[in-house]
file entry-v6.cif (mmCIF, C-alpha atoms and all ligand atoms)
data_protein
loop_
_atom_site.label_atom_id
_atom_site.label_comp_id
_atom_site.auth_asym_id
_atom_site.auth_seq_id
_atom_site.Cartn_x
_atom_site.Cartn_y
_atom_site.Cartn_z
CA MET A 169 -42.42 4.07 -9.52
CA GLU A 170 -39.00 3.89 -11.09
CA ASN A 171 -36.46 6.36 -9.86
CA THR A 172 -35.10 7.86 -13.05
CA GLU A 173 -33.04 10.52 -11.34
CA LYS A 174 -29.51 9.28 -10.77
CA LYS A 175 -28.39 9.71 -7.20
CA LYS A 176 -25.13 11.48 -6.54
CA ARG A 177 -22.33 9.26 -5.35
CA ILE A 178 -20.50 9.56 -2.07
CA LEU A 179 -17.25 7.93 -1.05
CA SER A 180 -15.46 8.14 2.25
CA GLY A 181 -12.91 6.20 4.22
CA ILE A 182 -11.56 5.73 7.68
CA GLN A 183 -8.33 4.12 8.87
CA PRO A 184 -8.54 1.05 11.12
CA THR A 185 -5.85 2.32 13.44
CA GLY A 186 -7.71 2.06 16.73
CA THR A 187 -11.16 2.45 18.15
CA PHE A 188 -12.84 5.47 16.64
CA THR A 189 -13.05 8.59 18.73
CA LEU A 190 -16.00 10.82 19.32
CA GLY A 191 -14.33 13.12 16.75
CA ASN A 192 -14.44 10.39 14.10
CA TYR A 193 -18.05 9.75 14.98
CA ILE A 194 -19.26 13.34 14.94
CA GLY A 195 -17.04 14.54 12.08
CA ALA A 196 -17.50 11.54 9.82
CA VAL A 197 -19.20 8.24 10.72
CA ARG A 198 -22.42 9.66 12.12
CA ASN A 199 -23.04 11.60 8.93
CA TRP A 200 -22.30 8.62 6.73
CA GLY A 201 -25.37 6.80 7.98
CA GLN A 202 -27.53 9.87 7.49
CA LEU A 203 -26.50 10.30 3.85
CA GLN A 204 -27.51 6.81 2.71
CA ASP A 205 -31.01 7.57 1.55
CA GLU A 206 -30.19 10.62 -0.47
CA TYR A 207 -26.95 9.37 -2.03
CA GLU A 208 -25.38 6.24 -3.42
CA CYS A 209 -22.71 5.64 -0.77
CA LEU A 210 -19.46 3.73 -0.66
CA TYR A 211 -17.65 3.47 2.67
CA MET A 212 -14.21 2.07 2.92
CA ILE A 213 -11.89 0.90 5.67
CA ALA A 214 -8.55 2.35 4.64
CA ASP A 215 -6.19 -0.43 5.70
CA MET A 216 -3.67 0.51 3.01
CA HIS A 217 -3.49 4.03 4.38
CA ALA A 218 -2.96 2.59 7.85
CA LEU A 219 0.23 0.90 6.65
CA THR A 220 1.91 4.30 6.23
CA VAL A 221 2.75 4.03 9.92
CA ARG A 222 4.05 0.80 11.43
CA GLN A 223 1.37 -1.74 12.28
CA VAL A 224 1.40 -5.07 14.07
CA PRO A 225 -0.11 -7.39 11.40
CA ALA A 226 -2.44 -9.32 13.74
CA GLU A 227 -3.62 -6.05 15.29
CA LEU A 228 -4.33 -4.50 11.91
CA ARG A 229 -6.44 -7.51 10.93
CA LYS A 230 -8.35 -7.35 14.21
CA ARG A 231 -8.92 -3.64 13.98
CA THR A 232 -10.13 -3.90 10.41
CA ARG A 233 -12.89 -6.26 11.57
CA GLU A 234 -13.67 -4.02 14.52
CA ALA A 235 -13.81 -0.95 12.31
CA ALA A 236 -16.28 -2.71 10.01
CA ALA A 237 -18.44 -3.77 12.96
CA LEU A 238 -18.39 -0.26 14.38
CA LEU A 239 -19.40 1.29 11.07
CA LEU A 240 -22.27 -1.16 10.73
CA ALA A 241 -23.31 -0.54 14.33
CA SER A 242 -23.27 3.21 13.66
CA GLY A 243 -25.99 2.84 11.08
CA ILE A 244 -24.32 2.01 7.81
CA ASP A 245 -26.76 -0.36 6.19
CA PRO A 246 -25.28 -2.79 3.63
CA ALA A 247 -28.67 -2.98 1.95
CA LYS A 248 -28.27 0.68 1.05
CA SER A 249 -24.53 1.32 0.91
CA LEU A 250 -21.37 -0.53 0.02
CA ILE A 251 -18.97 -1.17 2.87
CA PHE A 252 -15.62 -2.72 2.03
CA VAL A 253 -11.94 -2.95 2.86
CA GLN A 254 -9.56 -0.92 0.69
CA SER A 255 -7.00 -3.70 0.12
CA HIS A 256 -9.78 -5.97 -1.16
CA VAL A 257 -10.20 -3.76 -4.22
CA PRO A 258 -6.83 -3.80 -6.02
CA ALA A 259 -7.89 -1.15 -8.53
CA HIS A 260 -7.24 1.54 -5.89
CA ALA A 261 -3.54 0.74 -5.81
CA GLN A 262 -3.41 0.38 -9.57
CA LEU A 263 -4.93 3.80 -10.13
CA ALA A 264 -2.80 5.30 -7.36
CA TRP A 265 0.32 4.50 -9.37
CA ILE A 266 -0.96 6.40 -12.37
CA LEU A 267 -2.04 9.32 -10.22
CA ASN A 268 1.39 9.32 -8.57
CA CYS A 269 2.85 9.91 -11.99
CA ASN A 270 0.52 12.88 -12.38
CA THR A 271 1.17 14.44 -8.98
CA GLN A 272 4.10 16.71 -8.29
CA PHE A 273 6.68 16.34 -5.54
CA GLY A 274 6.03 19.96 -4.59
CA GLU A 275 2.30 19.40 -4.15
CA LEU A 276 2.82 16.43 -1.85
CA SER A 277 5.51 18.31 0.11
CA ARG A 278 2.97 20.94 1.08
CA MET A 279 0.62 18.50 2.83
CA THR A 280 0.44 19.43 6.50
CA GLN A 281 -0.47 15.89 7.55
CA PHE A 282 2.73 14.61 5.93
CA LYS A 283 4.75 17.23 7.80
CA ASP A 284 3.03 16.39 11.10
CA LYS A 285 3.32 12.64 10.69
CA SER A 286 6.93 12.73 9.56
CA ALA A 287 7.80 14.80 12.60
CA LYS A 288 5.99 12.30 14.80
CA HIS A 289 7.42 9.17 13.16
CA SER A 290 10.87 10.49 12.28
CA ASP A 291 12.25 6.94 12.18
CA ASN A 292 9.84 5.89 9.45
CA ILE A 293 9.30 8.61 6.86
CA ASN A 294 8.40 6.12 4.16
CA ALA A 295 7.41 6.81 0.56
CA GLY A 296 3.85 5.66 1.27
CA LEU A 297 3.43 8.34 3.89
CA PHE A 298 4.50 10.88 1.29
CA THR A 299 2.26 9.60 -1.52
CA TYR A 300 -0.70 8.87 0.80
CA PRO A 301 -2.78 11.65 -0.82
CA SER A 302 -2.43 10.05 -4.30
CA LEU A 303 -3.88 6.83 -2.93
CA MET A 304 -6.68 8.79 -1.30
CA ALA A 305 -7.30 10.55 -4.64
CA ALA A 306 -7.47 7.13 -6.31
CA ASP A 307 -10.01 5.93 -3.71
CA ILE A 308 -12.26 8.81 -4.61
CA LEU A 309 -11.70 9.16 -8.33
CA ILE A 310 -12.00 5.48 -9.20
CA TYR A 311 -15.71 5.65 -8.34
CA ASN A 312 -16.30 9.07 -9.88
CA ALA A 313 -17.54 10.16 -6.47
CA ASP A 314 -19.37 13.48 -6.44
CA LEU A 315 -18.99 14.18 -2.75
CA VAL A 316 -16.57 13.19 -0.02
CA PRO A 317 -17.79 13.62 3.56
CA VAL A 318 -14.75 14.15 5.78
CA GLY A 319 -13.70 16.24 8.74
CA VAL A 320 -11.77 19.45 8.11
CA ASP A 321 -8.39 17.77 8.67
CA GLN A 322 -8.85 16.05 5.29
CA THR A 323 -9.73 19.08 3.20
CA GLN A 324 -6.18 19.59 1.97
CA HIS A 325 -6.06 16.01 0.70
CA LEU A 326 -9.41 16.43 -0.97
CA GLU A 327 -8.20 19.60 -2.66
CA LEU A 328 -5.25 17.64 -4.02
CA ALA A 329 -7.62 14.97 -5.37
CA ARG A 330 -9.57 17.71 -7.14
CA ASN A 331 -6.41 19.16 -8.67
CA VAL A 332 -5.18 15.77 -9.84
CA ALA A 333 -8.58 14.94 -11.36
CA ASP A 334 -8.69 18.23 -13.17
CA ARG A 335 -5.12 17.89 -14.43
CA PHE A 336 -5.73 14.36 -15.70
CA ASN A 337 -8.93 15.43 -17.43
CA ARG A 338 -7.10 18.23 -19.21
CA SER A 339 -3.99 16.19 -20.10
CA TYR A 340 -5.94 13.26 -21.54
CA SER A 341 -9.67 13.83 -21.87
CA PRO A 342 -12.55 14.16 -19.40
CA THR A 343 -12.34 11.01 -17.26
CA PHE A 344 -12.84 11.80 -13.61
CA THR A 345 -15.58 13.63 -11.75
CA VAL A 346 -13.99 16.48 -9.81
CA PRO A 347 -15.26 15.70 -6.30
CA GLY A 348 -16.67 18.18 -3.86
CA GLY A 349 -16.24 18.22 -0.11
CA TYR A 350 -18.98 17.63 2.39
CA THR A 351 -18.21 18.79 5.89
CA PRO A 352 -20.86 18.81 8.61
CA LYS A 353 -21.98 22.27 9.71
CA LEU A 354 -21.33 21.40 13.31
CA GLY A 355 -18.63 19.14 14.67
CA ALA A 356 -16.34 19.05 11.62
CA LYS A 357 -13.53 19.42 14.10
CA VAL A 358 -14.06 18.03 17.58
CA MET A 359 -11.27 19.26 19.83
CA SER A 360 -9.13 17.51 22.42
CA LEU A 361 -10.63 17.53 25.91
CA GLN A 362 -7.23 18.33 27.37
CA GLU A 363 -5.92 20.84 24.82
CA PRO A 364 -9.04 22.27 23.21
CA THR A 365 -7.08 24.13 20.54
CA LYS A 366 -5.92 20.78 19.10
CA LYS A 367 -8.17 18.26 17.33
CA MET A 368 -9.33 15.18 19.22
CA SER A 369 -7.19 12.34 17.91
CA LYS A 370 -6.97 8.64 18.73
CA SER A 371 -3.18 8.85 18.40
CA ASP A 372 -2.92 11.36 21.26
CA GLU A 373 -0.70 10.08 24.07
CA ASN A 374 -3.07 11.39 26.73
CA ALA A 375 -6.11 9.08 26.89
CA ASN A 376 -8.06 11.78 28.75
CA SER A 377 -7.94 13.94 25.64
CA TYR A 378 -10.34 11.76 23.68
CA ILE A 379 -13.49 9.76 24.13
CA LEU A 380 -13.59 6.46 22.30
CA MET A 381 -16.81 5.17 20.81
CA LEU A 382 -16.44 2.08 23.00
CA ASP A 383 -15.71 3.89 26.27
CA ASP A 384 -18.03 2.79 29.08
CA PRO A 385 -20.25 5.31 30.92
CA ASP A 386 -17.89 5.67 33.91
CA THR A 387 -14.96 6.43 31.67
CA ILE A 388 -16.96 8.99 29.73
CA VAL A 389 -18.04 10.75 32.92
CA ARG A 390 -14.49 10.71 34.28
CA LYS A 391 -13.02 12.14 31.07
CA LEU A 392 -15.66 14.84 30.93
CA LYS A 393 -15.04 15.81 34.55
CA ARG A 394 -11.36 16.25 33.72
CA ALA A 395 -11.99 18.21 30.53
CA VAL A 396 -10.10 21.49 30.48
CA THR A 397 -12.34 24.57 30.55
CA ASP A 398 -11.68 28.07 31.90
CA SER A 399 -12.10 29.96 35.15
CA GLU A 400 -15.12 32.05 34.09
CA GLY A 401 -17.79 29.56 35.08
CA ILE A 402 -20.36 30.70 32.51
CA VAL A 403 -21.62 28.34 29.81
CA CYS A 404 -21.42 30.47 26.68
CA ALA A 405 -19.78 30.00 23.28
CA ASP A 406 -16.56 31.84 22.53
CA SER A 407 -14.14 29.74 20.52
CA GLU A 408 -11.40 32.34 20.84
CA ASN A 409 -11.37 32.69 24.63
CA LYS A 410 -13.30 29.62 25.79
CA PRO A 411 -12.31 26.82 23.40
CA GLY A 412 -12.93 24.09 25.99
CA ILE A 413 -16.50 25.07 26.81
CA THR A 414 -17.25 25.86 23.16
CA ASN A 415 -16.07 22.38 22.17
CA LEU A 416 -18.34 20.76 24.79
CA MET A 417 -21.21 22.93 23.60
CA SER A 418 -20.68 21.71 20.03
CA ILE A 419 -20.77 18.09 21.17
CA TYR A 420 -23.90 18.69 23.24
CA SER A 421 -25.50 20.54 20.36
CA VAL A 422 -24.88 17.67 17.93
CA PHE A 423 -26.45 15.13 20.30
CA THR A 424 -29.39 17.15 21.58
CA GLY A 425 -30.19 19.21 18.49
CA ASN A 426 -30.20 22.35 20.66
CA ASP A 427 -28.40 25.38 19.30
CA PHE A 428 -25.88 27.43 21.29
CA ALA A 429 -28.44 30.02 22.41
CA ALA A 430 -30.68 27.28 23.82
CA ILE A 431 -27.74 25.65 25.59
CA GLU A 432 -26.73 28.98 27.11
CA ARG A 433 -30.28 29.44 28.40
CA GLU A 434 -30.45 25.87 29.73
CA PHE A 435 -27.30 26.33 31.81
CA SER A 436 -27.61 29.96 32.79
CA GLY A 437 -26.89 30.24 36.49
CA LYS A 438 -25.51 26.71 36.61
CA GLY A 439 -21.86 25.74 36.91
CA TYR A 440 -19.55 23.79 34.65
CA GLY A 441 -20.05 20.66 36.80
CA ASP A 442 -23.73 20.40 35.84
CA PHE A 443 -22.99 21.17 32.23
CA LYS A 444 -20.24 18.55 31.99
CA MET A 445 -22.57 15.89 33.44
CA ALA A 446 -25.24 16.77 30.89
CA VAL A 447 -22.71 16.53 28.06
CA ALA A 448 -21.52 13.17 29.40
CA GLU A 449 -25.11 11.90 29.51
CA SER A 450 -25.82 12.99 25.96
CA ILE A 451 -22.72 11.11 24.81
CA ILE A 452 -23.63 7.97 26.79
CA ASP A 453 -27.21 8.01 25.46
CA THR A 454 -25.89 8.16 21.92
CA LEU A 455 -23.09 5.64 22.23
CA SER A 456 -24.75 2.93 24.38
CA PRO A 457 -27.04 1.51 21.68
CA ILE A 458 -24.17 1.60 19.17
CA GLN A 459 -21.94 -0.30 21.61
CA ASN A 460 -24.56 -3.02 22.08
CA GLU A 461 -25.04 -3.41 18.37
CA TYR A 462 -21.26 -3.47 17.88
CA LYS A 463 -20.88 -6.45 20.20
CA ARG A 464 -23.62 -8.32 18.43
CA ILE A 465 -22.15 -7.74 14.97
CA LEU A 466 -18.57 -8.51 15.97
CA ASP A 467 -19.73 -11.90 17.30
CA ASP A 468 -21.44 -12.70 14.03
CA LYS A 469 -18.32 -13.51 12.02
CA THR A 470 -20.16 -14.96 9.05
CA TYR A 471 -22.33 -11.90 8.62
CA LEU A 472 -19.39 -9.56 8.90
CA GLU A 473 -17.27 -11.44 6.38
CA GLN A 474 -20.12 -11.89 3.96
CA THR A 475 -20.93 -8.19 4.08
CA LEU A 476 -17.33 -7.16 3.44
CA LYS A 477 -16.95 -9.71 0.65
CA GLU A 478 -20.07 -8.52 -1.12
CA GLY A 479 -19.04 -4.90 -0.67
CA ALA A 480 -15.63 -5.56 -2.21
CA GLN A 481 -17.10 -7.50 -5.12
CA LYS A 482 -19.52 -4.77 -6.03
CA ALA A 483 -16.95 -2.02 -5.54
CA SER A 484 -14.41 -3.93 -7.66
CA TYR A 485 -16.86 -4.18 -10.50
CA THR A 486 -17.32 -0.40 -10.70
CA ALA A 487 -13.66 0.35 -10.02
CA SER A 488 -12.28 -2.00 -12.65
CA LYS A 489 -14.43 -0.45 -15.36
CA LEU A 490 -12.98 2.98 -14.70
CA LEU A 491 -9.46 1.60 -14.39
CA GLU A 492 -9.75 0.03 -17.81
CA LYS A 493 -10.72 3.39 -19.27
CA VAL A 494 -7.75 5.04 -17.60
CA TYR A 495 -5.34 2.33 -18.76
CA LYS A 496 -6.46 2.94 -22.32
CA LYS A 497 -6.10 6.70 -22.03
CA VAL A 498 -2.58 6.66 -20.65
CA GLY A 499 -1.43 4.33 -23.43
CA PHE A 500 -1.13 0.92 -21.81
CA LEU A 501 -1.30 -1.83 -24.41
CA GLN A 502 -4.57 -3.70 -24.28
CA PHE A 503 -5.77 -6.68 -26.28
P1 LIG A 601 -8.92 9.18 10.66
O1 LIG A 601 -9.09 8.83 12.10
O2 LIG A 601 -7.77 10.10 10.45
O3 LIG A 601 -8.93 7.98 9.75
O4 LIG A 601 -10.19 10.03 10.28
C1 LIG A 601 -11.41 9.47 9.85
C2 LIG A 601 -12.44 10.54 9.63
O5 LIG A 601 -12.76 11.20 10.86
C3 LIG A 601 -11.99 11.66 8.68
O6 LIG A 601 -13.11 12.05 7.91
C4 LIG A 601 -11.60 12.76 9.60
O7 LIG A 601 -11.72 14.02 8.99
C5 LIG A 601 -12.60 12.59 10.74
N1 LIG A 601 -12.05 13.12 12.00
C6 LIG A 601 -10.96 12.66 12.65
N2 LIG A 601 -10.74 13.35 13.80
C7 LIG A 601 -11.75 14.27 13.87
C8 LIG A 601 -12.11 15.28 14.81
N3 LIG A 601 -11.40 15.50 15.92
N4 LIG A 601 -13.20 16.03 14.56
C9 LIG A 601 -13.94 15.83 13.44
N5 LIG A 601 -13.66 14.90 12.52
C10 LIG A 601 -12.59 14.12 12.71
N1 LIG A 602 -7.18 9.68 4.69
C1 LIG A 602 -8.42 9.56 5.40
C2 LIG A 602 -8.18 9.79 6.91
O1 LIG A 602 -7.13 9.53 7.41
C3 LIG A 602 -9.05 8.22 5.20
C4 LIG A 602 -9.33 8.02 3.77
C5 LIG A 602 -8.65 7.20 2.91
C6 LIG A 602 -10.34 8.68 3.00
N2 LIG A 602 -9.18 7.30 1.67
C7 LIG A 602 -10.21 8.18 1.69
C8 LIG A 602 -11.32 9.62 3.30
C9 LIG A 602 -11.02 8.62 0.65
C10 LIG A 602 -12.14 10.05 2.26
C11 LIG A 602 -11.99 9.57 0.95
O2 LIG A 602 -9.07 10.21 7.56
#

call {"tool": "encode", "arguments": {"input": "entry-v6.cif", "output": "structure tokens", "more": "lines below"}}
Ligand code: AMP
Ligand code: TRP
result
Amino acid sequence: MENTEKKKRILSGIQPTGTFTLGNYIGAVRNWGQLQDEYECLYMIADMHALTVRQVPAELRKRTREAAALLLASGIDPAKSLIFVQSHVPAHAQLAWILNCNTQFGELSRMTQFKDKSAKHSDNINAGLFTYPSLMAADILIYNADLVPVGVDQTQHLELARNVADRFNRSYSPTFTVPGGYTPKLGAKVMSLQEPTKKMSKSDENANSYILMLDDPDTIVRKLKRAVTDSEGIVCADSENKPGITNLMSIYSVFTGNDFAAIEREFSGKGYGDFKMAVAESIIDTLSPIQNEYKRILDDKTYLEQTLKEGAQKASYTASKLLEKVYKKVGFLQF
């Protein structure tokens, strides 16, 4: 039977700036695979965004391939979704310019990620870092995406995309879908294992603060053992006073499907040592099959390249149609 109901469209992206962390997986990538049946999905490797901080060219190329392989290994199925590299679809940059001209200096100045990153890379506060959210808005708006599944650290950028879309629609005429956010109920912000009031981030200097999707079982166990908790010794959720334990409970909950009450019952009378081992095991059980699949896909160069090429071709087709509409609306001469 023909499906006459049009599926809603999803777009999301991830930067190829290193192996993804457990935070990337739980907050973003894991959900991407799960959304494929219900939505029309486009998933993008944001190599242009990665250039806002200095990159070694050969590394960036390598990591872009690895990011693609890891996304595919995590369950993104090219038969259902488009997977492509941002720089392969030039319409993103073309639209970004127009959106830049419709975004205010003041709006971009308020972005907390810009403030954080410019403090961290004070020797390279480039214009791209500043206008990064306009490019992200272009990524989303060029496909008229309805929903954008991201972790909470991206909600401010998404809000900006909504504002820009709305402003453009009012200044010219309805053009863009105003996108909604889609944050997972649990795990939208996985915290650092060392400083559980900070988000887990692959750019953290302390490698014990994050788990990478490609970490081997011994490393995962070691990092879990070292995870900062508290001196109470009781496994119960309290994000205010026990952020470390609460963070581990969230991770365990995502991987086992057990809610906090069930986890508290499971570990009542047991110490943090037992709990940490159980969390480590749940992570290993989840990541091992993904790691095997990753190796297989990364070795299959032809498949990987073909998949990314096809993704970019199909994405370009949709994107260029919208770009043409926008070019007309803003007054660019067309023949
Ligand atoms: P990035 O690594 O900044 O490219 O982020 C890619 C995706 O992962 C975005 O949707 C982020 O919101 C999400 N993300 C990154 N770090 C975390 C975290 N610690 N917890 C949950 N989601 C995260
Ligand atoms: N800025 C996002 C991040 O760092 C990655 C990204 C780029 C993105 N373009 C996007 C996410 C469009 C969602 C939609 O995590």

call {"tool": "closest_atom_pairs", "arguments": {"input": "entry-v6.cif", "of": "chain A", "to": "ligand LIG 602 (chain A)", "cutoff": "7 Å", "atoms": "only C-alpha atoms and all ligand atoms", "output": "CSV"}}
result
residue,atom,partner,partner_atom,distance
A:Leu179,CA,A:LIG602,C11,5.9
A:Ser180,CA,A:LIG602,C10,3.8
A:Gly181,CA,A:LIG602,C6,3.8
A:Ile182,CA,A:LIG602,C3,4.3
A:Gln183,CA,A:LIG602,C3,5.5
A:Ala214,CA,A:LIG602,C5,5.2
A:His217,CA,A:LIG602,C5,6.2
A:Met304,CA,A:LIG602,N2,4.2
A:Ala305,CA,A:LIG602,C9,6.7
A:Asp307,CA,A:LIG602,C9,5.2
A:Ile308,CA,A:LIG602,C9,5.4
A:Val316,CA,A:LIG602,C10,5.9
A:Pro317,CA,A:LIG602,C10,6.8
A:Val318,CA,A:LIG602,C10,6.0
A:Gln322,CA,A:LIG602,O2,6.3

call {"tool": "residues_near_ligand", "arguments": {"input": "entry-v6.cif", "ligand": "ligand LIG 601 (chain A)", "cutoff": "8 Å", "atoms": "only C-alpha atoms and all ligand atoms", "output": "count of residues only"}}
result
34

call {"tool": "closest_residue", "arguments": {"input": "entry-v6.cif", "among": "A:Asp284, A:Glu227, A:Glu206, A:Asp314", "to": "Ile178 (chain A)", "atoms": "only C-alpha atoms"}}
result
A:Asp314

call {"tool": "residues_around", "arguments": {"input": "entry-v6.cif", "residues": "Thr424 (chain A)", "least_positions_apart": "2", "cutoff": "10 Å", "atoms": "all atoms listed in the file", "output": "PyMOL selection string"}}
result
chain A and resi 418-422+426-427+431+447+450-451+454

call {"tool": "closest_residue", "arguments": {"input": "entry-v6.cif", "among": "A:Glu327, A:Asp398, A:Asp334, A:Asp215", "to": "Asn270 (chain A)", "atoms": "all atoms listed in the file"}}
result
A:Asp334

call {"tool": "atom_distance", "arguments": {"input": "entry-v6.cif", "atom1": "CA of Asn415 (chain A)", "atom2": "CA of Glu432 (chain A)"}}
result
13.5 Å

call {"tool": "atom_distance", "arguments": {"input": "entry-v6.cif", "atom1": "CA of Met279 (chain A)", "atom2": "CA of Met381 (chain A)"}}
result
28.4 Å

call {"tool": "atom_distance", "arguments": {"input": "entry-v6.cif", "atom1": "CA of Phe428 (chain A)", "atom2": "CA of Ala446 (chain A)"}}
result
14.4 Å

call {"tool": "closest_residue", "arguments": {"input": "entry-v6.cif", "among": "A:Thr387, A:Asn199, A:Ser484, A:Ser371", "to": "Tyr350 (chain A)", "atoms": "all atoms listed in the file"}}
result
A:Asn199

call {"tool": "residues_around", "arguments": {"input": "entry-v6.cif", "residues": "Phe344 (chain A)", "least_positions_apart": "6", "cutoff": "7 Å", "atoms": "all atoms listed in the file", "output": "PyMOL selection string"}}
result
chain A and resi 309+312+333+337

call {"tool": "closest_residue", "arguments": {"input": "entry-v6.cif", "among": "A:Val403, A:Ala430, A:Val253, A:Leu361", "to": "Asp442 (chain A)", "atoms": "all atoms listed in the file"}}
result
A:Val403

call {"tool": "closest_residue", "arguments": {"input": "entry-v6.cif", "among": "A:Ala448, A:Asp468, A:Cys404, A:Leu219", "to": "Ala429 (chain A)", "atoms": "only C-alpha atoms"}}
result
A:Cys404

call {"tool": "residues_around", "arguments": {"input": "entry-v6.cif", "residues": "Ala480 (chain A)", "least_positions_apart": "4", "cutoff": "8 Å", "atoms": "all atoms listed in the file", "output": "PyMOL selection string"}}
result
chain A and resi 250-253+256-257+476+484

call {"tool": "residues_around", "arguments": {"input": "entry-v6.cif", "residues": "region 389-393 of chain A", "least_positions_apart": "6", "cutoff": "7 Å", "atoms": "only C-alpha atoms", "output": "PDB file with C-alpha atoms, in the coordinates of the input"}}
result
ATOM      1  CA  ASN A 376      -8.060  11.780  28.750  1.00  0.00           C
ATOM      2  CA  LYS A 444     -20.240  18.550  31.990  1.00  0.00           C
ATOM      3  CA  MET A 445     -22.570  15.890  33.440  1.00  0.00           C
ATOM      4  CA  ALA A 448     -21.520  13.170  29.400  1.00  0.00           C
TER       5      ALA A 448
END

call {"tool": "residues_near_point", "arguments": {"input": "entry-v6.cif", "point": "(-24.9, -0.9, 3.2)", "cutoff": "9 Å", "atoms": "only C-alpha atoms", "output": "MDAnalysis selection string"}}
result
chainID A and resid 204 209:211 240 243:251 475 479

call {"tool": "build_atoms", "arguments": {"input": "entry-v6.cif", "residues": "region 204-215 of chain A", "atoms": "N, CA, C and O atoms", "output": "mmCIF file, in the coordinates of the input"}}
result
data_model
loop_
_atom_site.group_PDB
_atom_site.id
_atom_site.type_symbol
_atom_site.label_atom_id
_atom_site.label_comp_id
_atom_site.auth_asym_id
_atom_site.auth_seq_id
_atom_site.Cartn_x
_atom_site.Cartn_y
_atom_site.Cartn_z
ATOM 1 N N GLN A 204 -27.254 8.001 3.529
ATOM 2 C CA GLN A 204 -27.510 6.810 2.710
ATOM 3 C C GLN A 204 -28.764 6.845 1.854
ATOM 4 O O GLN A 204 -28.824 6.203 0.832
ATOM 5 N N ASP A 205 -29.783 7.583 2.322
ATOM 6 C CA ASP A 205 -31.010 7.570 1.550
ATOM 7 C C ASP A 205 -30.943 8.512 0.356
ATOM 8 O O ASP A 205 -31.476 8.237 -0.706
ATOM 9 N N GLU A 206 -30.241 9.603 0.575
ATOM 10 C CA GLU A 206 -30.190 10.620 -0.470
ATOM 11 C C GLU A 206 -29.125 10.333 -1.527
ATOM 12 O O GLU A 206 -29.212 10.795 -2.659
ATOM 13 N N TYR A 207 -28.076 9.592 -1.126
ATOM 14 C CA TYR A 207 -26.950 9.370 -2.030
ATOM 15 C C TYR A 207 -26.662 7.884 -2.198
ATOM 16 O O TYR A 207 -27.059 7.066 -1.362
ATOM 17 N N GLU A 208 -25.909 7.593 -3.257
ATOM 18 C CA GLU A 208 -25.380 6.240 -3.420
ATOM 19 C C GLU A 208 -24.026 6.258 -2.698
ATOM 20 O O GLU A 208 -23.127 7.003 -3.090
ATOM 21 N N CYS A 209 -23.895 5.486 -1.631
ATOM 22 C CA CYS A 209 -22.710 5.640 -0.770
ATOM 23 C C CYS A 209 -21.774 4.451 -0.805
ATOM 24 O O CYS A 209 -22.211 3.298 -0.814
ATOM 25 N N LEU A 210 -20.493 4.755 -0.797
ATOM 26 C CA LEU A 210 -19.460 3.730 -0.660
ATOM 27 C C LEU A 210 -18.583 4.110 0.527
ATOM 28 O O LEU A 210 -18.042 5.223 0.562
ATOM 29 N N TYR A 211 -18.460 3.197 1.481
ATOM 30 C CA TYR A 211 -17.650 3.470 2.670
ATOM 31 C C TYR A 211 -16.566 2.422 2.808
ATOM 32 O O TYR A 211 -16.820 1.219 2.688
ATOM 33 N N MET A 212 -15.374 2.931 3.041
ATOM 34 C CA MET A 212 -14.210 2.070 2.920
ATOM 35 C C MET A 212 -13.349 2.110 4.186
ATOM 36 O O MET A 212 -13.174 3.158 4.783
ATOM 37 N N ILE A 213 -12.830 0.953 4.555
ATOM 38 C CA ILE A 213 -11.890 0.900 5.670
ATOM 39 C C ILE A 213 -10.490 0.950 5.069
ATOM 40 O O ILE A 213 -10.082 0.055 4.329
ATOM 41 N N ALA A 214 -9.788 2.037 5.352
ATOM 42 C CA ALA A 214 -8.550 2.350 4.640
ATOM 43 C C ALA A 214 -7.350 1.648 5.284
ATOM 44 O O ALA A 214 -6.486 2.280 5.893
ATOM 45 N N ASP A 215 -7.302 0.320 5.096
ATOM 46 C CA ASP A 215 -6.190 -0.430 5.700
ATOM 47 C C ASP A 215 -4.863 -0.137 5.005
ATOM 48 O O ASP A 215 -3.804 -0.184 5.622
#
